[in-house]
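Asker: As input, take coords.cif (mmCIF, C-alpha atoms and all ligand atoms):
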data_model
#
loop_
_atom_site.label_atom_id
_atom_site.label_comp_id
_atom_site.auth_asym_id
_atom_site.auth_seq_id
_atom_site.Cartn_x
_atom_site.Cartn_y
_atom_site.Cartn_z
CA LYS A 29 38.75 89.09 -61.94
CA LYS A 30 41.14 89.78 -64.79
CA ARG A 31 44.20 91.77 -63.81
CA ARG A 32 44.73 95.14 -65.52
CA LEU A 33 48.34 95.12 -66.70
CA ILE A 34 50.01 97.50 -69.13
CA LEU A 35 53.46 97.04 -70.61
CA ALA A 36 55.08 100.35 -71.62
CA VAL A 37 58.12 101.22 -73.72
CA GLU A 38 60.01 104.53 -73.41
CA SER A 39 62.88 105.55 -75.73
CA SER A 40 62.52 109.31 -76.30
CA CYS A 41 66.02 110.35 -75.29
CA ASP A 42 68.95 108.52 -73.68
CA GLU A 43 67.18 105.91 -71.57
CA THR A 44 65.73 102.68 -72.95
CA SER A 45 63.04 101.55 -70.56
CA VAL A 46 60.32 98.90 -70.41
CA ALA A 47 57.91 98.52 -67.50
CA VAL A 48 54.88 96.50 -66.46
CA VAL A 49 52.37 98.34 -64.27
CA GLU A 50 49.19 97.01 -62.66
CA ASP A 51 46.09 99.20 -62.10
CA GLY A 52 47.92 102.42 -62.93
CA ASN A 53 50.06 102.59 -59.82
CA ILE A 54 51.64 99.23 -58.94
CA ILE A 55 55.05 98.70 -60.53
CA LEU A 56 55.75 95.03 -61.31
CA SER A 57 58.92 95.89 -63.21
CA ASN A 58 60.64 99.03 -64.51
CA VAL A 59 63.85 98.19 -66.38
CA ILE A 60 65.98 101.22 -67.33
CA ALA A 61 69.09 100.99 -69.53
CA SER A 62 70.88 104.33 -69.29
CA GLN A 63 73.23 105.48 -72.05
CA ILE A 64 74.68 108.37 -70.06
CA LEU A 65 78.25 107.03 -70.17
CA SER A 66 78.21 106.89 -73.98
CA HIS A 67 77.12 110.52 -74.30
CA GLN A 68 79.15 112.01 -71.45
CA ARG A 69 82.32 112.64 -73.43
CA PHE A 70 80.31 114.68 -75.96
CA GLY A 71 78.78 116.82 -73.21
CA GLY A 72 75.25 116.03 -74.33
CA VAL A 73 73.05 113.43 -76.03
CA VAL A 74 74.19 112.49 -79.55
CA PRO A 75 71.00 111.43 -81.41
CA GLU A 76 72.66 108.86 -83.71
CA ILE A 77 74.39 107.15 -80.78
CA ALA A 78 71.13 107.19 -78.81
CA SER A 79 69.27 105.39 -81.61
CA ARG A 80 71.93 102.70 -81.89
CA HIS A 81 71.82 101.99 -78.16
CA HIS A 82 68.02 101.81 -78.20
CA VAL A 83 68.23 99.17 -80.96
CA GLU A 84 70.64 97.11 -78.86
CA GLN A 85 68.70 97.49 -75.63
CA VAL A 86 64.98 97.54 -76.34
CA LEU A 87 64.37 93.78 -76.67
CA VAL A 88 66.70 93.00 -73.77
CA CYS A 89 64.73 95.42 -71.58
CA LEU A 90 61.43 94.00 -72.81
CA GLU A 91 62.36 90.44 -71.92
CA GLU A 92 63.74 91.48 -68.56
CA ALA A 93 60.60 93.50 -67.75
CA MET A 94 58.35 90.52 -68.55
CA THR A 95 60.50 88.09 -66.54
CA GLU A 96 60.73 90.40 -63.55
CA ALA A 97 56.98 91.00 -63.57
CA GLU A 98 56.44 87.21 -63.67
CA ILE A 99 53.75 87.44 -66.32
CA GLU A 100 53.04 86.10 -69.81
CA ALA A 101 52.05 88.25 -72.78
CA GLU A 102 48.48 86.90 -72.56
CA ASP A 103 48.12 88.43 -69.08
CA LEU A 104 48.54 91.94 -70.53
CA SER A 105 45.67 94.32 -71.31
CA ALA A 106 47.63 96.66 -73.58
CA VAL A 107 51.01 97.87 -74.80
CA ALA A 108 51.84 101.57 -74.37
CA VAL A 109 54.61 103.55 -76.00
CA THR A 110 56.02 107.09 -75.99
CA GLU A 111 54.88 108.79 -79.21
CA GLY A 112 56.78 112.05 -78.54
CA PRO A 113 58.17 114.57 -77.85
CA GLY A 114 61.80 113.48 -78.14
CA LEU A 115 64.48 112.50 -80.65
CA VAL A 116 62.77 111.12 -83.73
CA GLY A 117 65.23 108.25 -84.33
CA ALA A 118 65.15 107.27 -80.67
CA LEU A 119 61.34 107.35 -80.49
CA LEU A 120 61.05 105.19 -83.62
CA ILE A 121 62.92 102.30 -82.01
CA GLY A 122 60.54 102.12 -79.05
CA ILE A 123 57.52 102.54 -81.32
CA SER A 124 58.66 99.75 -83.68
CA ALA A 125 59.27 97.37 -80.77
CA ALA A 126 55.94 98.21 -79.12
CA LYS A 127 54.05 97.81 -82.40
CA ALA A 128 55.64 94.43 -83.10
CA PHE A 129 54.93 93.18 -79.58
CA ALA A 130 51.32 94.43 -79.65
CA PHE A 131 50.68 92.96 -83.11
CA ALA A 132 52.25 89.58 -82.31
CA ASN A 133 50.16 89.26 -79.15
CA GLY A 134 46.92 90.80 -80.40
CA LEU A 135 47.07 93.64 -77.87
CA PRO A 136 45.86 97.23 -78.25
CA LEU A 137 48.56 99.87 -78.73
CA ILE A 138 48.29 103.06 -76.64
CA PRO A 139 50.29 106.16 -77.66
CA VAL A 140 51.49 108.30 -74.74
CA ASN A 141 52.89 111.83 -74.59
CA HIS A 142 56.23 111.75 -72.74
CA MET A 143 55.37 114.90 -70.74
CA ALA A 144 52.03 113.42 -69.66
CA GLY A 145 54.08 110.44 -68.48
CA HIS A 146 56.18 112.70 -66.25
CA ILE A 147 52.98 114.11 -64.67
CA TYR A 148 51.38 110.68 -64.14
CA ALA A 149 54.49 109.51 -62.25
CA ALA A 150 52.69 111.26 -59.35
CA GLN A 151 50.26 108.29 -59.30
CA PHE A 152 53.02 106.23 -57.67
CA VAL A 153 52.87 108.53 -54.64
CA THR A 154 49.18 109.33 -54.38
CA GLU A 155 46.02 109.47 -56.44
CA MET A 156 45.86 112.51 -58.75
CA LYS A 157 43.08 114.91 -57.73
CA PHE A 158 41.62 117.39 -60.21
CA PRO A 159 41.71 120.24 -60.93
CA LEU A 160 45.48 120.33 -60.56
CA MET A 161 48.52 122.32 -61.64
CA ALA A 162 51.66 120.61 -62.91
CA LEU A 163 55.09 122.21 -63.09
CA LEU A 164 57.05 120.22 -65.68
CA VAL A 165 60.79 120.70 -65.42
CA SER A 166 63.18 118.58 -67.49
CA GLY A 167 66.10 118.77 -69.88
CA GLY A 168 63.85 119.78 -72.76
CA HIS A 169 60.83 121.40 -71.11
CA THR A 170 59.81 123.97 -68.52
CA GLU A 171 56.08 124.52 -68.40
CA LEU A 172 53.07 125.08 -66.19
CA VAL A 173 50.17 122.84 -67.14
CA TYR A 174 46.63 123.21 -65.80
CA MET A 175 44.56 120.02 -65.74
CA SER A 176 40.87 120.62 -65.07
CA GLU A 177 40.25 116.87 -65.31
CA ASP A 178 41.97 113.58 -66.11
CA GLY A 179 43.52 113.72 -69.59
CA SER A 180 42.91 117.45 -70.13
CA TYR A 181 45.98 119.68 -70.55
CA GLU A 182 46.24 123.46 -70.80
CA VAL A 183 49.77 124.82 -71.04
CA ILE A 184 49.46 128.22 -69.32
CA GLY A 185 53.17 129.09 -69.37
CA GLU A 186 56.44 127.81 -70.80
CA THR A 187 60.05 128.75 -71.33
CA ARG A 188 60.76 131.23 -74.09
CA ASP A 189 64.31 129.92 -74.54
CA ASP A 190 66.22 127.25 -72.58
CA ALA A 191 64.60 124.58 -70.42
CA VAL A 192 65.72 124.75 -66.80
CA GLY A 193 67.47 121.33 -66.97
CA GLU A 194 69.29 122.49 -70.09
CA ALA A 195 70.51 125.58 -68.19
CA TYR A 196 71.74 123.32 -65.35
CA ASP A 197 73.63 121.18 -67.85
CA LYS A 198 75.20 124.13 -69.71
CA VAL A 199 76.30 125.83 -66.50
CA GLY A 200 77.73 122.51 -65.31
CA ARG A 201 79.77 122.26 -68.48
CA VAL A 202 81.34 125.67 -67.75
CA LEU A 203 82.28 124.37 -64.29
CA GLY A 204 83.80 121.25 -65.88
CA LEU A 205 81.20 118.88 -64.44
CA ALA A 206 80.11 115.68 -66.17
CA TYR A 207 76.87 115.63 -68.18
CA PRO A 208 74.12 115.78 -67.01
CA SER A 209 75.14 118.02 -64.14
CA GLY A 210 71.83 118.92 -62.47
CA LYS A 211 72.28 116.56 -59.55
CA GLU A 212 75.87 117.62 -58.90
CA ILE A 213 75.01 121.35 -59.02
CA ASP A 214 72.18 120.66 -56.57
CA GLU A 215 74.68 119.02 -54.19
CA LEU A 216 77.26 121.81 -54.60
CA ALA A 217 74.54 124.43 -54.08
CA HIS A 218 73.86 123.09 -50.60
CA LEU A 219 77.49 123.70 -49.64
CA GLY A 220 77.45 127.35 -50.74
CA GLU A 221 75.47 130.57 -50.51
CA ASP A 222 73.78 132.96 -52.95
CA THR A 223 76.64 135.46 -52.96
CA TYR A 224 76.62 136.38 -56.69
CA HIS A 225 72.89 137.09 -56.89
CA PHE A 226 72.12 136.42 -60.57
CA PRO A 227 69.00 138.00 -62.17
CA ARG A 228 65.54 136.51 -61.61
CA ALA A 229 64.21 136.47 -65.17
CA MET A 230 60.67 137.65 -65.84
CA LEU A 231 59.73 137.44 -62.18
CA LYS A 232 57.99 140.82 -62.24
CA GLU A 233 56.16 140.15 -65.50
CA ASP A 234 52.51 139.26 -65.42
CA SER A 235 52.94 135.99 -67.32
CA TYR A 236 53.54 132.34 -66.47
CA ASP A 237 56.34 132.10 -69.02
CA PHE A 238 59.94 131.45 -68.05
CA SER A 239 63.35 132.35 -69.44
CA PHE A 240 66.66 130.81 -68.43
CA SER A 241 69.09 131.89 -71.13
CA GLY A 242 69.78 135.24 -69.40
CA LEU A 243 70.68 133.45 -66.18
CA LYS A 244 72.92 131.09 -68.13
CA SER A 245 74.69 134.02 -69.85
CA ALA A 246 75.11 135.94 -66.59
CA PHE A 247 76.69 132.84 -65.07
CA ILE A 248 79.03 132.25 -68.02
CA ASN A 249 80.09 135.93 -68.09
CA LYS A 250 80.81 135.88 -64.38
CA VAL A 251 83.08 132.84 -64.76
CA HIS A 252 84.87 134.15 -67.88
CA ASN A 253 85.45 137.63 -66.44
CA ALA A 254 86.89 136.12 -63.29
CA GLU A 255 89.18 133.88 -65.36
CA GLN A 256 90.51 136.89 -67.29
CA ARG A 257 91.21 138.79 -64.11
CA GLY A 258 92.75 135.77 -62.43
CA GLU A 259 90.09 136.00 -59.76
CA ILE A 260 89.09 132.80 -57.94
CA LEU A 261 85.38 132.16 -57.57
CA SER A 262 83.78 129.70 -55.20
CA VAL A 263 82.24 126.82 -57.18
CA GLU A 264 79.83 126.14 -54.30
CA ASN A 265 78.69 129.77 -54.22
CA LEU A 266 78.33 129.84 -58.02
CA ALA A 267 76.16 126.70 -57.89
CA SER A 268 74.19 128.10 -54.98
CA SER A 269 73.63 131.47 -56.69
CA PHE A 270 72.55 129.81 -59.95
CA GLN A 271 70.19 127.46 -58.17
CA ALA A 272 68.70 130.24 -56.01
CA SER A 273 67.80 132.26 -59.11
CA ALA A 274 66.33 129.30 -61.02
CA ILE A 275 64.32 128.04 -58.06
CA GLU A 276 62.94 131.42 -57.02
CA VAL A 277 61.43 132.00 -60.46
CA LEU A 278 60.03 128.45 -60.69
CA VAL A 279 58.50 128.61 -57.22
CA GLU A 280 57.04 132.13 -57.41
CA LYS A 281 55.43 131.60 -60.83
CA THR A 282 54.01 128.27 -59.71
CA VAL A 283 52.56 129.79 -56.53
CA ARG A 284 50.95 132.56 -58.60
CA ALA A 285 49.48 130.02 -61.02
CA CYS A 286 48.05 128.00 -58.14
CA GLN A 287 46.51 131.18 -56.71
CA SER A 288 44.82 132.03 -60.03
CA TYR A 289 43.43 128.58 -60.82
CA PRO A 290 41.16 126.50 -58.58
CA VAL A 291 43.66 123.72 -57.86
CA THR A 292 43.55 121.03 -55.19
CA GLN A 293 46.92 119.52 -56.07
CA LEU A 294 50.29 120.65 -57.39
CA ILE A 295 52.46 118.09 -59.14
CA VAL A 296 56.12 118.93 -59.77
CA ALA A 297 57.55 116.47 -62.31
CA GLY A 298 60.39 115.80 -64.76
CA GLY A 299 64.10 115.26 -64.21
CA VAL A 300 64.60 118.57 -62.36
CA ALA A 301 61.82 117.63 -59.89
CA ALA A 302 64.55 115.52 -58.24
CA ASN A 303 66.18 118.80 -57.15
CA LYS A 304 66.34 118.97 -53.35
CA GLY A 305 66.40 122.76 -53.24
CA LEU A 306 63.32 122.98 -55.46
CA ARG A 307 61.45 120.39 -53.39
CA THR A 308 62.12 122.21 -50.12
CA ALA A 309 61.40 125.71 -51.43
CA MET A 310 58.20 124.68 -53.22
CA GLU A 311 56.82 122.81 -50.23
CA TYR A 312 57.61 125.74 -47.93
CA ARG A 313 56.05 128.44 -50.14
CA ILE A 314 52.89 126.45 -50.94
CA LYS A 315 52.39 125.64 -47.26
CA GLN A 316 52.77 129.34 -46.51
CA GLU A 317 50.53 130.73 -49.28
CA LEU A 318 48.17 127.87 -50.13
CA PRO A 319 48.08 125.36 -47.26
CA GLU A 320 45.02 123.66 -48.79
CA VAL A 321 46.98 122.64 -51.92
CA GLU A 322 48.61 119.20 -51.76
CA VAL A 323 52.15 119.23 -53.21
CA VAL A 324 53.22 115.97 -54.89
CA PHE A 325 56.66 115.06 -56.17
CA PRO A 326 57.11 111.68 -57.88
CA PRO A 327 59.53 109.31 -56.12
CA LEU A 328 63.13 110.41 -56.79
CA LYS A 329 63.81 107.35 -58.96
CA LEU A 330 60.81 108.10 -61.15
CA CYS A 331 61.59 111.78 -61.83
CA GLY A 332 63.98 110.90 -64.66
CA ASP A 333 62.86 109.13 -67.82
CA ASN A 334 61.33 105.68 -67.26
CA ALA A 335 58.60 103.49 -68.74
CA ALA A 336 56.58 103.05 -65.52
CA MET A 337 55.39 106.66 -65.83
CA ILE A 338 54.39 106.00 -69.46
CA ALA A 339 52.32 103.02 -68.31
CA ALA A 340 50.68 105.13 -65.59
CA ALA A 341 49.62 107.74 -68.16
CA ALA A 342 48.46 104.96 -70.50
CA PHE A 343 45.81 103.85 -67.99
CA SER A 344 44.28 107.34 -68.34
CA GLU A 345 44.55 107.18 -72.14
CA ALA A 346 42.97 103.71 -72.19
CA ALA A 347 40.04 105.00 -70.12
CA LYS A 348 39.51 107.66 -72.80
CA GLY A 349 39.66 104.97 -75.50
CA ASN A 350 42.80 106.36 -77.09
CA VAL A 351 44.19 103.50 -79.18
CA ALA A 352 46.60 103.69 -82.11
CA ASP A 353 46.85 101.43 -85.15
CA MET A 354 49.96 100.09 -86.86
CA SER A 355 50.44 103.38 -88.70
CA LEU A 356 51.50 105.11 -85.45
CA ASN A 357 54.50 107.35 -86.13
CA ALA A 358 56.95 109.20 -83.89
CA ASP A 359 56.13 112.87 -83.32
CA PRO A 360 59.33 114.62 -82.13
CA SER A 361 57.47 117.83 -81.24
CA LEU A 362 54.21 116.36 -79.92
CA LEU A 363 52.31 118.88 -77.76
CA LEU A 364 50.36 118.10 -74.60
O1 LIG B 401 63.18 114.24 -67.52
P1 LIG B 401 64.62 113.98 -67.78
O2 LIG B 401 65.24 112.74 -67.20
O3 LIG B 401 64.89 113.94 -69.31
C1 LIG B 401 64.21 114.78 -70.19
O4 LIG B 401 63.07 114.42 -70.59
O5 LIG B 401 64.77 115.86 -70.45
O6 LIG B 401 65.43 115.29 -67.27
C2 LIG B 401 66.82 115.36 -67.35
C3 LIG B 401 67.28 116.69 -66.78
C4 LIG B 401 68.76 116.99 -67.01
O7 LIG B 401 68.88 118.29 -67.53
C5 LIG B 401 69.37 116.89 -65.61
O8 LIG B 401 70.51 117.72 -65.42
C6 LIG B 401 68.22 117.34 -64.75
O9 LIG B 401 67.08 116.73 -65.34
N1 LIG B 401 68.35 116.93 -63.33
C7 LIG B 401 68.44 117.80 -62.31
C8 LIG B 401 68.57 117.03 -61.12
N2 LIG B 401 68.55 115.71 -61.47
C9 LIG B 401 68.40 115.67 -62.83
N3 LIG B 401 68.44 119.14 -62.30
C10 LIG B 401 68.55 119.75 -61.11
N4 LIG B 401 68.69 119.09 -59.93
C11 LIG B 401 68.69 117.75 -59.89
N5 LIG B 401 68.83 117.10 -58.71
ZN ZN B 402 61.75 113.32 -69.67
#
What's the structure tokens form of this structure?
Ligand code: KG4
Ligand code: ZN

Answerer:
Amino acid sequence: KKRRLILAVESSCDETSVAVVEDGNIILSNVIASQILSHQRFGGVVPEIASRHHVEQVLVCLEEAMTEAEIEAEDLSAVAVTEGPGLVGALLIGISAAKAFAFANGLPLIPVNHMAGHIYAAQFVTEMKFPLMALLVSGGHTELVYMSEDGSYEVIGETRDDAVGEAYDKVGRVLGLAYPSGKEIDELAHLGEDTYHFPRAMLKEDSYDFSFSGLKSAFINKVHNAEQRGEILSVENLASSFQASAIEVLVEKTVRACQSYPVTQLIVAGGVAANKGLRTAMEYRIKQELPEVEVVFPPLKLCGDNAAMIAAAAFSEAAKGNVADMSLNADPSLLL
């Protein structure tokens, strides 16, 4: 029996990654070259620098992924690549490399939505069961997605301003933390308490939309006012108060969405799904309100950007017959 192997390339933001996945959920290799150190001193991702690093790294990652997987190009069934959303220059590097590799080896090219990739990272924990709800939380996105079946996406709510990861990073900057600061704020939050009680945006509204810019502003004002008065604030309590507000809104809106749609599974995915506070609170509330719903978080290492998740989603795309030709272009604002 011929093995089903997909090689995937991801380059939408500041990670160059190439992976080989078998049967949708077995990782043979998942090489990730992070550029974080190059962007840190700018306090965020600089698109031009990101593109240059992708150019340097993509073929190195590709070779390493093939070697580590111990396969030859002829063993592959397809090549998958992130089509969008993301930085256009960054996406183009991955797409060019994937096209060239697919063309040279006579393999089909499968375009994958980066956000679908984040959801399909759940496949590495357990089989996805439909209908399901996905809470997507990353540096660029915060949305609730209802999937009635494999490959079908209905965005039922999204942020009206900042993404939750973006809010974490901006607040971290005010505290003088290195970019990206989500993980560090999560750790600080566990050492403090919710003493400042920031607003819970849109919690009372009858909508699945989110808003995090008000929380961010409340946080920044609190810090600046204290500075002017020479008042000392607890960094741990600030982190804890920020995180409590962000998590409460994410959890309550997700619980409501799962109560209104006939879901069997809840997948929480994206970089912020690595958050320990979010994991604990979500599991607790779903168990309390909807014990029949299975909560799935991708493995910690696969919450951030990586190509294994793109390969996992590509197996679903391949089943639908979604194949691109050599005219495939990057789509920086591709929708689910
Ligand atoms: O999915 P991702 O790797 O890249 C995007 O597609 O955006 O998400 C990165 C985001 C960053 O904003 C980072 O601060 C946040 O995920 N993040 C966290 C944690 N780990 C990463 N936010 C909160 N708690 C964490 N433990
Ligand atoms: Zn991402």

Asker: For the interface of chain A with ligand LIG 401 (chain B) (cut-off 6 Å, counting only C-alpha atoms and all ligand atoms), please tabulate each contacting residue of chain A alongside its nearest pair of atoms and their separation in Å to one decimal, rows sorted by chain and increasing number, as a Markdown table.

Answerer:
| residue | atom | partner | partner_atom | distance |
| --- | --- | --- | --- | --- |
| A:Ser166 | CA | B:LIG401 | O6 | 4.0 |
| A:Gly167 | CA | B:LIG401 | O5 | 3.2 |
| A:Gly168 | CA | B:LIG401 | O5 | 4.6 |
| A:Gly193 | CA | B:LIG401 | O7 | 3.4 |
| A:Glu194 | CA | B:LIG401 | O7 | 4.9 |
| A:Tyr196 | CA | B:LIG401 | O8 | 5.7 |
| A:Asp197 | CA | B:LIG401 | O8 | 5.3 |
| A:Pro208 | CA | B:LIG401 | O8 | 4.4 |
| A:Ser209 | CA | B:LIG401 | O8 | 4.8 |
| A:Gly210 | CA | B:LIG401 | N3 | 3.4 |
| A:Lys211 | CA | B:LIG401 | N5 | 3.6 |
| A:Asp214 | CA | B:LIG401 | N4 | 5.1 |
| A:Gly298 | CA | B:LIG401 | O1 | 4.2 |
| A:Gly299 | CA | B:LIG401 | O6 | 3.3 |
| A:Val300 | CA | B:LIG401 | N3 | 3.9 |
| A:Ala302 | CA | B:LIG401 | N5 | 4.6 |
| A:Asn303 | CA | B:LIG401 | N5 | 3.5 |
| A:Gly332 | CA | B:LIG401 | O2 | 3.4 |
| A:Asp333 | CA | B:LIG401 | O2 | 4.4 |

Asker: Can you write out the residues you just picked, keeping C-alpha atoms, as a PDB file, in the coordinates of the input?

Answerer:
ATOM      1  CA  SER A 166      63.180 118.580 -67.490  1.00  0.00           C
ATOM      2  CA  GLY A 167      66.100 118.770 -69.880  1.00  0.00           C
ATOM      3  CA  GLY A 168      63.850 119.780 -72.760  1.00  0.00           C
ATOM      4  CA  GLY A 193      67.470 121.330 -66.970  1.00  0.00           C
ATOM      5  CA  GLU A 194      69.290 122.490 -70.090  1.00  0.00           C
ATOM      6  CA  TYR A 196      71.740 123.320 -65.350  1.00  0.00           C
ATOM      7  CA  ASP A 197      73.630 121.180 -67.850  1.00  0.00           C
ATOM      8  CA  PRO A 208      74.120 115.780 -67.010  1.00  0.00           C
ATOM      9  CA  SER A 209      75.140 118.020 -64.140  1.00  0.00           C
ATOM     10  CA  GLY A 210      71.830 118.920 -62.470  1.00  0.00           C
ATOM     11  CA  LYS A 211      72.280 116.560 -59.550  1.00  0.00           C
ATOM     12  CA  ASP A 214      72.180 120.660 -56.570  1.00  0.00           C
ATOM     13  CA  GLY A 298      60.390 115.800 -64.760  1.00  0.00           C
ATOM     14  CA  GLY A 299      64.100 115.260 -64.210  1.00  0.00           C
ATOM     15  CA  VAL A 300      64.600 118.570 -62.360  1.00  0.00           C
ATOM     16  CA  ALA A 302      64.550 115.520 -58.240  1.00  0.00           C
ATOM     17  CA  ASN A 303      66.180 118.800 -57.150  1.00  0.00           C
ATOM     18  CA  GLY A 332      63.980 110.900 -64.660  1.00  0.00           C
ATOM     19  CA  ASP A 333      62.860 109.130 -67.820  1.00  0.00           C
TER      20      ASP A 333
END

Asker: Taking 6 positions as the minimum chain separation for residues in the same chain, which residues sit within 9 Å of Arg32 in chain A when counting all atoms listed in the file? Answer as a list of chain:residue names.

Answerer: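 Result of the neighbour search: A:Val49, A:Glu50, A:Asp51, A:Gly52, A:Asp103, A:Leu104, A:Ser105, A:Ala106.
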
Asker: Residues as selected, C-alpha atoms, written as a short mmCIF file (atom, residue, chain, number, x, y, z; two decimals), in the frame of the given file, can you do that?

Answerer:
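Result file is out24.cif:
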data_model
loop_
_atom_site.label_atom_id
_atom_site.label_comp_id
_atom_site.auth_asym_id
_atom_site.auth_seq_id
_atom_site.Cartn_x
_atom_site.Cartn_y
_atom_site.Cartn_z
CA VAL A 49 52.37 98.34 -64.27
CA GLU A 50 49.19 97.01 -62.66
CA ASP A 51 46.09 99.20 -62.10
CA GLY A 52 47.92 102.42 -62.93
CA ASP A 103 48.12 88.43 -69.08
CA LEU A 104 48.54 91.94 -70.53
CA SER A 105 45.67 94.32 -71.31
CA ALA A 106 47.63 96.66 -73.58
#

Asker: Within 12 Å of ligand ZN 402 (chain B), counting all atoms listed in the file, which protein or nucleic acid residues do you find, written as a compact mmCIF listing (two decimals) with C-alpha atoms, in the coordinates of the input?

Answerer:
# COMPACT_ATOMS: atom_id res chain seq x y z
CA GLU A 38 60.01 104.53 -73.41
CA SER A 39 62.88 105.55 -75.73
CA SER A 40 62.52 109.31 -76.30
CA CYS A 41 66.02 110.35 -75.29
CA ASP A 42 68.95 108.52 -73.68
CA GLU A 43 67.18 105.91 -71.57
CA THR A 44 65.73 102.68 -72.95
CA SER A 45 63.04 101.55 -70.56
CA THR A 110 56.02 107.09 -75.99
CA GLY A 112 56.78 112.05 -78.54
CA PRO A 113 58.17 114.57 -77.85
CA GLY A 114 61.80 113.48 -78.14
CA LEU A 115 64.48 112.50 -80.65
CA ASN A 141 52.89 111.83 -74.59
CA HIS A 142 56.23 111.75 -72.74
CA MET A 143 55.37 114.90 -70.74
CA ALA A 144 52.03 113.42 -69.66
CA GLY A 145 54.08 110.44 -68.48
CA HIS A 146 56.18 112.70 -66.25
CA ILE A 147 52.98 114.11 -64.67
CA ALA A 149 54.49 109.51 -62.25
CA LEU A 164 57.05 120.22 -65.68
CA VAL A 165 60.79 120.70 -65.42
CA SER A 166 63.18 118.58 -67.49
CA GLY A 167 66.10 118.77 -69.88
CA GLY A 168 63.85 119.78 -72.76
CA HIS A 169 60.83 121.40 -71.11
CA THR A 170 59.81 123.97 -68.52
CA ALA A 191 64.60 124.58 -70.42
CA GLY A 193 67.47 121.33 -66.97
CA GLU A 194 69.29 122.49 -70.09
CA ALA A 297 57.55 116.47 -62.31
CA GLY A 298 60.39 115.80 -64.76
CA GLY A 299 64.10 115.26 -64.21
CA VAL A 300 64.60 118.57 -62.36
CA ALA A 301 61.82 117.63 -59.89
CA ALA A 302 64.55 115.52 -58.24
CA LEU A 330 60.81 108.10 -61.15
CA CYS A 331 61.59 111.78 -61.83
CA GLY A 332 63.98 110.90 -64.66
CA ASP A 333 62.86 109.13 -67.82
CA ASN A 334 61.33 105.68 -67.26
CA ALA A 335 58.60 103.49 -68.74
CA MET A 337 55.39 106.66 -65.83
CA ILE A 338 54.39 106.00 -69.46

Asker: Here is a test: counting only C-alpha atoms, which residue of A:Ser124, A:Asn58, A:Leu160, A:Ser268 is nearest to Glu91 in chain A?

Answerer: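 Among A:Ser124, A:Asn58, A:Leu160, A:Ser268, it is A:Asn58 that comes nearest to Glu91 in chain A.
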
Asker: Give me, as a PDB file with C-alpha atoms, in the frame of the given file, all polymer residues having an atom no more than 8 Å from range 245-253 of chain A, counting only C-alpha atoms and skipping those fewer than 3 positions away in the same chain.

Answerer:
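Final output, saved to part-v1.pdb:
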ATOM      1  CA  VAL A 199      76.300 125.830 -66.500  1.00  0.00           C
ATOM      2  CA  VAL A 202      81.340 125.670 -67.750  1.00  0.00           C
ATOM      3  CA  PHE A 226      72.120 136.420 -60.570  1.00  0.00           C
ATOM      4  CA  PRO A 227      69.000 138.000 -62.170  1.00  0.00           C
ATOM      5  CA  SER A 241      69.090 131.890 -71.130  1.00  0.00           C
ATOM      6  CA  GLY A 242      69.780 135.240 -69.400  1.00  0.00           C
ATOM      7  CA  GLN A 256      90.510 136.890 -67.290  1.00  0.00           C
ATOM      8  CA  ARG A 257      91.210 138.790 -64.110  1.00  0.00           C
ATOM      9  CA  LEU A 261      85.380 132.160 -57.570  1.00  0.00           C
ATOM     10  CA  LEU A 266      78.330 129.840 -58.020  1.00  0.00           C
ATOM     11  CA  PHE A 270      72.550 129.810 -59.950  1.00  0.00           C
TER      12      PHE A 270
END

Asker: Counting all atoms listed in the file, which of A:Ser239, A:Gln287, A:Ser180, A:Thr154 gets nearest to Ala274 in chain A?

Answerer: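 Nearest candidate to Ala274 in chain A out of A:Ser239, A:Gln287, A:Ser180, A:Thr154: A:Ser239.
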
Asker: Would you mind telling me which residue in A:Glu317, A:Glu100, A:Glu155, A:Glu276 lies nearest to Phe238 in chain A when using all atoms listed in the file?

Answerer: A:Glu276

Asker: Would you mind telling me which residue in A:Gly204, A:Ala342, A:Asp359, A:Ala150 lies nearest to Leu35 in chain A when using only C-alpha atoms?

Answerer: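 Among A:Gly204, A:Ala342, A:Asp359, A:Ala150, it is A:Ala342 that comes nearest to Leu35 in chain A.
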
Asker: Would you kindly return, as an MDAnalysis selection string, each protein, DNA or RNA residue with an atom no farther than 8 Å from any atom of Ile314 in chain A, considering all atoms listed in the file and excluding same-chain residues fewer than 6 positions away?

Answerer: chainID A and resid 283 321 323

Asker: Quick check, in Å to one decimal: how far apart do CA of Glu259 in chain A and CA of Gln68 in chain A lie?

Answerer: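 So the two atoms, CA of Glu259 in chain A and CA of Gln68 in chain A, lie 28.8 Å apart.
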
Asker: Grab the CA of Val109 in chain A to CA of Val37 in chain A distance for me, in Å with one decimal place.

Answerer: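 Pair CA of Val109 in chain A / CA of Val37 in chain A returns 4.8 Å.
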